[in-house]
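Engineer: Please find one structure pasted underneath; my questions will follow.
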Amino acid sequence: MLIAIGSLTIMGLVLGGLLGAAARFLAVEENPLEEELKAMLPGSQCGQCGYVGCAQYAAALAKGEASVTLCAPGGKVVIEALAKKLGVTADLSEHEEKGPEYAFINEDLCIGCTRCIRECSTDAILGANKLMHTVIVDACHGCSKCVKVCPTDAIVMVPVPVTLANWHWPKPEVEPTQSKPEVGHAH
Amino acid sequence: MLISTFISKPDTVSAIMLRVLLALLPGIALYVWYYGPAILVSITLASITALATEAAMLRLRNRPLKPFLGDNSALVTAWLLALSIPPLAPWWLVVVGTAFAISVAKHLYGGLGNNPFNPSMIGYAVLIISFPSHMTHWLSPHGLGQTELGFADQLAFIFGGHLPSGIKLDAVTLATPLDTLKTQLQLDRPLKEILGMPIYGALAGKGSEVVALGYILGGVYLLFKRIITWHVPAAFLGTLFVTAGIFHLVDQAHYVAPLFHLTAGAAMLGAFFILTDPISGPTTPMGKLIFAAGAGFLTYVIRVFGGFPDGVAFATLLMNICVPLIDAHTQPPVFGKKDRGAK
Amino acid sequence: MKLFPIRGGVHPEYRKEQTSEKAIVALPMPRMLYIPLQQHVGAPAEVLVSGGELVKKGQMIARSQGTISASQHAPTSGRISVVTDVAAPHPSGLPQTTIILEADGKDEWADLPEPIADPFAADLQVIRDRVAQAGIVGMGGAVFPAAVKLNLGTQYKLDILLVNGAECEPYITCDDRVMREYADEVIDGARIVARVMGAPRVVIGIELNKPQAIEAMTKAAAPFSEVEVVGVPAQYPMGYAHELILAITGRETPAGKRTAEVGVVAYNVATVRAVHHAVRFGRPLITRVVTVSGRAIREPKNILSPIGARVADLIEFCGGFSAPPAHLVNGGPMMGEPLPSLEVPVVKGTAGILALTAEEANNQPTSPCIRCGNCVTICPGGLSPIEMAAFIRKDNLETAAKLGVMDCISCGSCSWVCPSHIPLVHYFNYAKGALKEQELERRKSERVKTLAEVKTIRVEKISEAKRAAMAARKPAPAATPAAGAQPANAGEAKTASTAEEKTNA
């Protein structure tokens, strides 16, 4: 019996020691999580998440202080990517998927003050002082910072239209005779 | 709008399962011919239990009853299990095995299409591990047992557990040919002598070898109707034959001829009906070959060196575990790409 | 000729007897024609006409713009009604810019370009220009501009021009009838194209279920030693160019590459016939043969339709519906798409219009996948539909992409064979569309990020300059004069920086 106790104890000590050594010498370097999260965000520093910029939101996410659902311009794609990276589940129940939007300047109301031009995070607004302003749709990613600064409320967010060029099939919703009921994501 | 092709092959899951049931009929008919109608009682009991359990599980999982109860998949599980256990097994043995197979092995994993293990083999495994002695009382073929029970007496035993007075269980049942072979070899009797015993026929056990032929007939029907492909039966039987052949060539005195193995036990049932279960098997043709070959080898090993008389059930289950790995590494080559599309 | 086996494929019921023996009949010219500016792959054509203008038959009404584009021509003489948005013959039913032409009934030809006297001696560029001018696109369904494809002859060394007469889709018989009735025109067009592409041999691949077409084409090809007619087994999707090339030459086109890489280029029979018309008669592409079939059609026909006729006109010409159709299909039943309505026009790529009854379509409810593996065995592309669909169902599109969903040609063989009637090809079409969309979004996201970064750097540089300027202007620390000067300075600095911004923006 003593032999049994002794041999098991020695085995335990040896194996435990090996595991400890492995934890020390074979440890994986910590990934710079914050940098990776920041790379996933749109980078326009629009502030809709409540943090000053994307870097600050990424830092808060890395610390686990912020919810993954705060990035509005990123939409569902970014939320799910963040959730996957952090290994959490995203609570999309209150998330209103607006779909991609772009800013549209109502030319009747625009007074040419250039406030939106200065505010725009991606230089997507073309114009000059006292001249008509217009949004370059390809560069606009819908952060809506410009909407707030316009003194005449000339800017509205409109959804990016679906055309023959960007339409695609929606996900098939199969009837519930399937043994796994489908929760389809409507496009 | 669900768009797929506007026409499709006129086939359904229930039609396929029904054809499998039809293919079992020749084997069952020969079984009844040689051993009497007790097996039909097992099959009926198993079928009723299977459908009842399936209905109960579907209710519990909030799924619609109609499409699933009508797809005949529970019946296939039930019949295969019934054919794998002794016909004189008490009614509760059949019920427990079938209920376990349907509820645990099938529905707890997600229902039709999601079970990683063959449900009938899980049922068999549970029974042989939990009730080993009940699983060894097989019927003797007509004319071989010391006495024979009439059908009414058989029913009385199955449902009530009584035998007519004066008759002992050992008198009307015997071990399977494979079981007998194993125990006699352990007693160091020479092989030739063992094979001369009355329970052995031309190739393997008298009666059971003919039933095996019945299963071959059914298997050929399934091949002809393209319900199964040649890969699984050929690889399984081939590997079993070759492995048995090698051992037989090395030591003729202790290892029986390969044809014995092919016609004994559940080898034929396994080759055409059990291993070909699409849900728990691989999806790629090469994968099927590897899967069935592995099962063939394991069947031989378990039969000869393992603790159970027949290895088909455990060989199937062990290979079921390997299926995802086999599938991942046997993906067919993609058109125009030199490498394969494996994950 | 020795043939090579192709992998996978299925054998659906062909049901071609409804129209295979019906000779091509011309549709009486409808009163209104709807010619979309984009009936091809590439940039839409640039409209040349406006409402009220009178045009003649064959007149160019929209010019190709950009490298990959095609022109549109008036199918008949008349008056342009308006250029506006009309629902496209696309499953989404979304609108596209369309020229609406009101026919005047006179059907007068415009002044057409001169026929090229000897296409086998003429300058190759002349022929290429003629094909471009005629607005010819691939009429097998790919609708790639033929003139651009002709340029492949200068980029690759080709040894075979393959004329695709396989027509593997059930119901569709338009190519079959064209080959039977106009074999000489097809052979002539093929030889002209082969010359332009520099291909020494012409091989015409026709499925063996069209024996009369094989006979007619063989007879027409007899005088020309470089033209060979080959019968291929009727196996869907034999009409897919890569499969046909594999069957005839044994060469497997590398994934994602053009068939020209293996020395073969394929054209549809109708396309080469259109080249014949353009080169020999100066006629542009303004008609095509459309098979209208299905048991819900009273009199199925093969119709020679002007481009721009509404589907409703064709169906009316076939006697209307004999039964309420369960499905209206644009194309064949395997790869066709649902028609959004009957008011959409026939375009250059419309090979067939089907009205299927519920019986013919035999829609069954979907049941769970039983992992039978049939889809894996018959996939001509060597993919694993069962695995891809399982991942797509769980929204794991990256793994589906790794498994090769982008290589899927959407032939539909897997959906056809599935005993559980799972809409597999719908999953793959969804995945392909979603992945493309993700790629576009990713690229836009990167662009946006770069723009944001550039702006941030610029703004910082400006503030730096401002601070430096203020530091330079500011005298030793003191009281009111400096403080008083601050706001003015700040104001100046601000307008200075705004001016800088304006010049920089």
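If you're wondering about the labels, chains in the structure tokens are A, B, ... by order shown, residues count from 1 in each chain, ligands from 1 in order shown.
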Please list as a ChimeraX atom specification every residue within 7 Å of Cys140 of chain A, counting only C-alpha atoms and excluding residues in the same chain fewer than 4 positions away.
Structural biologist: /A:102-103,124,136
Engineer: Identify all residues of segment 27-113 of chain B in alpha helix (DSSP H) (DSSP on the backbone) and supply them as an NGL selection string.
Structural biologist: :B and (27-35 or 38-60 or 65-69 or 73-84 or 91-100)
Engineer: Mind running chain C against chain A at 7 Å and telling me each contacting residue's nearest atom pair with the distance in Å (one decimal), counting only C-alpha atoms, chain and number ascending, as a Markdown table?
Structural biologist:
| residue | atom | partner | partner_atom | distance |
| --- | --- | --- | --- | --- |
| C:Leu94 | CA | A:Leu164 | CA | 6.2 |
| C:Ser367 | CA | A:Gln178 | CA | 5.5 |
| C:Pro368 | CA | A:Gln178 | CA | 5.0 |
| C:His426 | CA | A:Pro172 | CA | 6.6 |
| C:Tyr427 | CA | A:Pro172 | CA | 6.4 |
| C:Asn429 | CA | A:Trp169 | CA | 6.4 |
| C:Tyr430 | CA | A:Trp169 | CA | 4.8 |
| C:Gly433 | CA | A:His168 | CA | 5.0 |
| C:Ser445 | CA | A:Pro42 | CA | 6.2 |
| C:Val448 | CA | A:Ala139 | CA | 6.2 |
| C:Lys449 | CA | A:Gly43 | CA | 5.4 |
| C:Leu451 | CA | A:Thr122 | CA | 4.8 |
| C:Ala452 | CA | A:Thr122 | CA | 4.4 |
| C:Lys455 | CA | A:Thr122 | CA | 6.5 |
| C:Lys502 | CA | A:Ala128 | CA | 6.3 |
Engineer: Report as JSON lines the residues of chain C within 7 Å of chain B, each with its shortest atom pair and distance in Å (one decimal), using only C-alpha atoms, ordered by chain and increasing residue number.
Structural biologist:
{"residue": "C:Glu252", "atom": "CA", "partner": "B:Gly336", "partner_atom": "CA", "distance": 5.7}
{"residue": "C:Thr253", "atom": "CA", "partner": "B:Gly336", "partner_atom": "CA", "distance": 5.4}
{"residue": "C:Pro254", "atom": "CA", "partner": "B:Gly336", "partner_atom": "CA", "distance": 3.9}
{"residue": "C:Ala255", "atom": "CA", "partner": "B:Gly336", "partner_atom": "CA", "distance": 4.3}
{"residue": "C:Pro333", "atom": "CA", "partner": "B:Phe6", "partner_atom": "CA", "distance": 4.8}
{"residue": "C:Met334", "atom": "CA", "partner": "B:Thr5", "partner_atom": "CA", "distance": 4.7}
{"residue": "C:Met335", "atom": "CA", "partner": "B:Thr5", "partner_atom": "CA", "distance": 6.5}
{"residue": "C:Ala361", "atom": "CA", "partner": "B:Ile7", "partner_atom": "CA", "distance": 4.8}
{"residue": "C:Asn362", "atom": "CA", "partner": "B:Ile7", "partner_atom": "CA", "distance": 6.6}
{"residue": "C:Pro368", "atom": "CA", "partner": "B:Gly113", "partner_atom": "CA", "distance": 5.9}
{"residue": "C:Cys369", "atom": "CA", "partner": "B:Gly113", "partner_atom": "CA", "distance": 5.4}
{"residue": "C:Ile370", "atom": "CA", "partner": "B:Gly113", "partner_atom": "CA", "distance": 4.4}
{"residue": "C:Arg371", "atom": "CA", "partner": "B:Ile279", "partner_atom": "CA", "distance": 5.0}
{"residue": "C:Cys372", "atom": "CA", "partner": "B:Pro278", "partner_atom": "CA", "distance": 4.7}
{"residue": "C:Gly373", "atom": "CA", "partner": "B:Thr283", "partner_atom": "CA", "distance": 4.3}
{"residue": "C:Val376", "atom": "CA", "partner": "B:Thr284", "partner_atom": "CA", "distance": 6.4}
{"residue": "C:Gly381", "atom": "CA", "partner": "B:Phe335", "partner_atom": "CA", "distance": 4.8}
{"residue": "C:Gly382", "atom": "CA", "partner": "B:Val334", "partner_atom": "CA", "distance": 4.3}
{"residue": "C:Leu383", "atom": "CA", "partner": "B:Val334", "partner_atom": "CA", "distance": 5.8}
{"residue": "C:Lys402", "atom": "CA", "partner": "B:Lys343", "partner_atom": "CA", "distance": 6.8}
{"residue": "C:Leu403", "atom": "CA", "partner": "B:Gly341", "partner_atom": "CA", "distance": 5.4}
{"residue": "C:Gly404", "atom": "CA", "partner": "B:Gly341", "partner_atom": "CA", "distance": 6.6}
{"residue": "C:Gly412", "atom": "CA", "partner": "B:Thr5", "partner_atom": "CA", "distance": 5.9}
{"residue": "C:Ser415", "atom": "CA", "partner": "B:Thr5", "partner_atom": "CA", "distance": 6.3}
{"residue": "C:Trp416", "atom": "CA", "partner": "B:Ser8", "partner_atom": "CA", "distance": 4.2}
{"residue": "C:Val417", "atom": "CA", "partner": "B:Lys9", "partner_atom": "CA", "distance": 5.4}
{"residue": "C:Pro419", "atom": "CA", "partner": "B:Thr12", "partner_atom": "CA", "distance": 4.8}
{"residue": "C:Ser420", "atom": "CA", "partner": "B:Val13", "partner_atom": "CA", "distance": 5.9}
{"residue": "C:Pro423", "atom": "CA", "partner": "B:Ser4", "partner_atom": "CA", "distance": 5.0}
{"residue": "C:Leu424", "atom": "CA", "partner": "B:Ser4", "partner_atom": "CA", "distance": 6.9}
{"residue": "C:Val425", "atom": "CA", "partner": "B:Ser4", "partner_atom": "CA", "distance": 5.7}
{"residue": "C:His426", "atom": "CA", "partner": "B:Ser4", "partner_atom": "CA", "distance": 5.4}
Engineer: At a cut-off of 8 Å, using only C-alpha atoms, what residues contact Trp79 of chain B? Leave out same-chain residues fewer than 2 positions from it and give the result as an NGL selection string.
Structural biologist: :B and (21 or 43 or 46-47 or 75-77 or 81-83)
Engineer: Could you take the residues named above and write them with C-alpha atoms, as a short mmCIF file (atom, residue, chain, number, x, y, z; two decimals), in the first residue's frame?
Structural biologist:
data_model
loop_
_atom_site.label_atom_id
_atom_site.label_comp_id
_atom_site.auth_asym_id
_atom_site.auth_seq_id
_atom_site.Cartn_x
_atom_site.Cartn_y
_atom_site.Cartn_z
CA LEU B 21 -37.75 -2.28 -45.01
CA ILE B 43 -40.27 -6.98 -34.76
CA ALA B 46 -40.00 -3.04 -31.54
CA SER B 47 -42.00 -1.24 -34.23
CA LEU B 75 -39.23 1.50 -38.22
CA VAL B 76 -35.89 0.79 -39.87
CA THR B 77 -34.12 1.26 -36.51
CA LEU B 81 -32.50 -3.94 -33.58
CA ALA B 82 -35.11 -6.69 -33.42
CA LEU B 83 -33.10 -8.76 -35.88
#
Engineer: Which neighbours of Ala99 of chain B fall inside 7 Å, counting only C-alpha atoms, when residues of the same chain fewer than 2 positions from it are skipped, and could you give them as a count of residues only?
Structural biologist: 9
Engineer: DSSP on the backbone, then: every residue of segment 336-386 of chain C marked strand (DSSP E or B), written as a ChimeraX atom specification.
Structural biologist: /C:337-338,345,352-356
Engineer: Could you tell me how far atom CA of Ser165 of chain B lies from atom CA of Trp91 of chain B, in Å and to one decimal?
Structural biologist: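 Interatomic distance, atom CA of Ser165 of chain B to atom CA of Trp91 of chain B: 20.5 Å.
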Engineer: Excluding Asp179 of chain B and any residue of its chain fewer than 6 positions from it, enumerate the residues within 10 Å of it, using only C-alpha atoms, and give them as a list in words.
Structural biologist: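 Here the qualifying residues turn out to be Thr136, Leu185, Gly265, Arg303, Phe308, Pro309 and Asp310 of chain B.
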Engineer: Go through C:Arg177, C:Arg393, C:Arg443, C:Arg31 and flag the residue nearest Pro306 of chain C, using only C-alpha atoms for the distances.
Structural biologist: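 With only C-alpha atoms as the atom set, the closest residue is C:Arg31.
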Engineer: Show me, as a VMD selection string, the residues that have an atom within 8 Å of Phe104 of chain A when counting only C-alpha atoms, minus same-chain residues fewer than 3 positions from it.
Structural biologist: chain A and resid 134 to 135 155 to 158
Engineer: Go ahead and save the picked residues with C-alpha atoms, as a CSV table (one decimal), in the first residue's frame.
Structural biologist:
chain,number,residue,atom,x,y,z
A,134,THR,CA,-22.7,67.8,-51.5
A,135,VAL,CA,-21.9,64.4,-50.2
A,155,ILE,CA,-28.7,66.8,-43.8
A,156,VAL,CA,-30.7,63.6,-43.4
A,157,MET,CA,-29.5,60.0,-43.4
A,158,VAL,CA,-31.0,57.9,-46.2
Engineer: Write out as a list in words which residues come within 8 Å of Arg273 of chain C when counting only C-alpha atoms, dropping same-chain ones fewer than 2 positions away.
Structural biologist: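 Using only C-alpha atoms, the neighbours found are Glu185, Val186, Ile187, Asp188, Gly189, Ala190, Val269, Ala270, Thr271, Val275, His276 and His277 of chain C.
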Engineer: What does the file look like for those residues with N, CA and C atoms, as a PDB file, in the first residue's frame?
Structural biologist:
ATOM      1  N   GLU C 185     -25.687  28.480 -91.414  1.00  0.00           N
ATOM      2  CA  GLU C 185     -25.359  29.788 -90.833  1.00  0.00           C
ATOM      3  C   GLU C 185     -24.469  29.605 -89.606  1.00  0.00           C
ATOM      4  N   VAL C 186     -24.794  28.568 -88.803  1.00  0.00           N
ATOM      5  CA  VAL C 186     -24.009  28.335 -87.596  1.00  0.00           C
ATOM      6  C   VAL C 186     -22.570  27.970 -87.971  1.00  0.00           C
ATOM      7  N   ILE C 187     -22.424  27.091 -88.947  1.00  0.00           N
ATOM      8  CA  ILE C 187     -21.076  26.663 -89.330  1.00  0.00           C
ATOM      9  C   ILE C 187     -20.291  27.857 -89.885  1.00  0.00           C
ATOM     10  N   ASP C 188     -20.942  28.655 -90.700  1.00  0.00           N
ATOM     11  CA  ASP C 188     -20.248  29.809 -91.280  1.00  0.00           C
ATOM     12  C   ASP C 188     -19.785  30.762 -90.175  1.00  0.00           C
ATOM     13  N   GLY C 189     -20.699  31.079 -89.278  1.00  0.00           N
ATOM     14  CA  GLY C 189     -20.332  31.969 -88.172  1.00  0.00           C
ATOM     15  C   GLY C 189     -19.197  31.397 -87.344  1.00  0.00           C
ATOM     16  N   ALA C 190     -19.263  30.086 -87.095  1.00  0.00           N
ATOM     17  CA  ALA C 190     -18.228  29.449 -86.297  1.00  0.00           C
ATOM     18  C   ALA C 190     -16.869  29.572 -86.974  1.00  0.00           C
ATOM     19  N   VAL C 269     -24.256  28.334 -80.031  1.00  0.00           N
ATOM     20  CA  VAL C 269     -24.590  28.271 -81.465  1.00  0.00           C
ATOM     21  C   VAL C 269     -25.280  29.544 -81.931  1.00  0.00           C
ATOM     22  N   ALA C 270     -26.151  30.093 -81.076  1.00  0.00           N
ATOM     23  CA  ALA C 270     -26.877  31.298 -81.490  1.00  0.00           C
ATOM     24  C   ALA C 270     -25.924  32.485 -81.620  1.00  0.00           C
ATOM     25  N   THR C 271     -24.910  32.529 -80.773  1.00  0.00           N
ATOM     26  CA  THR C 271     -23.960  33.639 -80.837  1.00  0.00           C
ATOM     27  C   THR C 271     -23.190  33.602 -82.156  1.00  0.00           C
ATOM     28  N   VAL C 275     -23.005  36.259 -85.344  1.00  0.00           N
ATOM     29  CA  VAL C 275     -21.792  36.777 -85.994  1.00  0.00           C
ATOM     30  C   VAL C 275     -21.917  36.631 -87.507  1.00  0.00           C
ATOM     31  N   HIS C 276     -22.455  35.492 -87.932  1.00  0.00           N
ATOM     32  CA  HIS C 276     -22.679  35.282 -89.369  1.00  0.00           C
ATOM     33  C   HIS C 276     -23.560  36.385 -89.936  1.00  0.00           C
ATOM     34  N   HIS C 277     -24.663  36.708 -89.254  1.00  0.00           N
ATOM     35  CA  HIS C 277     -25.564  37.749 -89.749  1.00  0.00           C
ATOM     36  C   HIS C 277     -24.882  39.109 -89.782  1.00  0.00           C
TER      37      HIS C 277
END
Engineer: Using only C-alpha atoms, which of the listed residues (B:Ala105, B:Leu139, B:Leu24, B:Leu18) sits closest to Leu169 of chain B?
Structural biologist: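 Nearest to Leu169 of chain B: B:Leu139.
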Engineer: Enter the distance from atom CA of Glu54 of chain B to atom CA of Tyr215 of chain B, in Å, rounded to one decimal.
Structural biologist: 26.7 Å
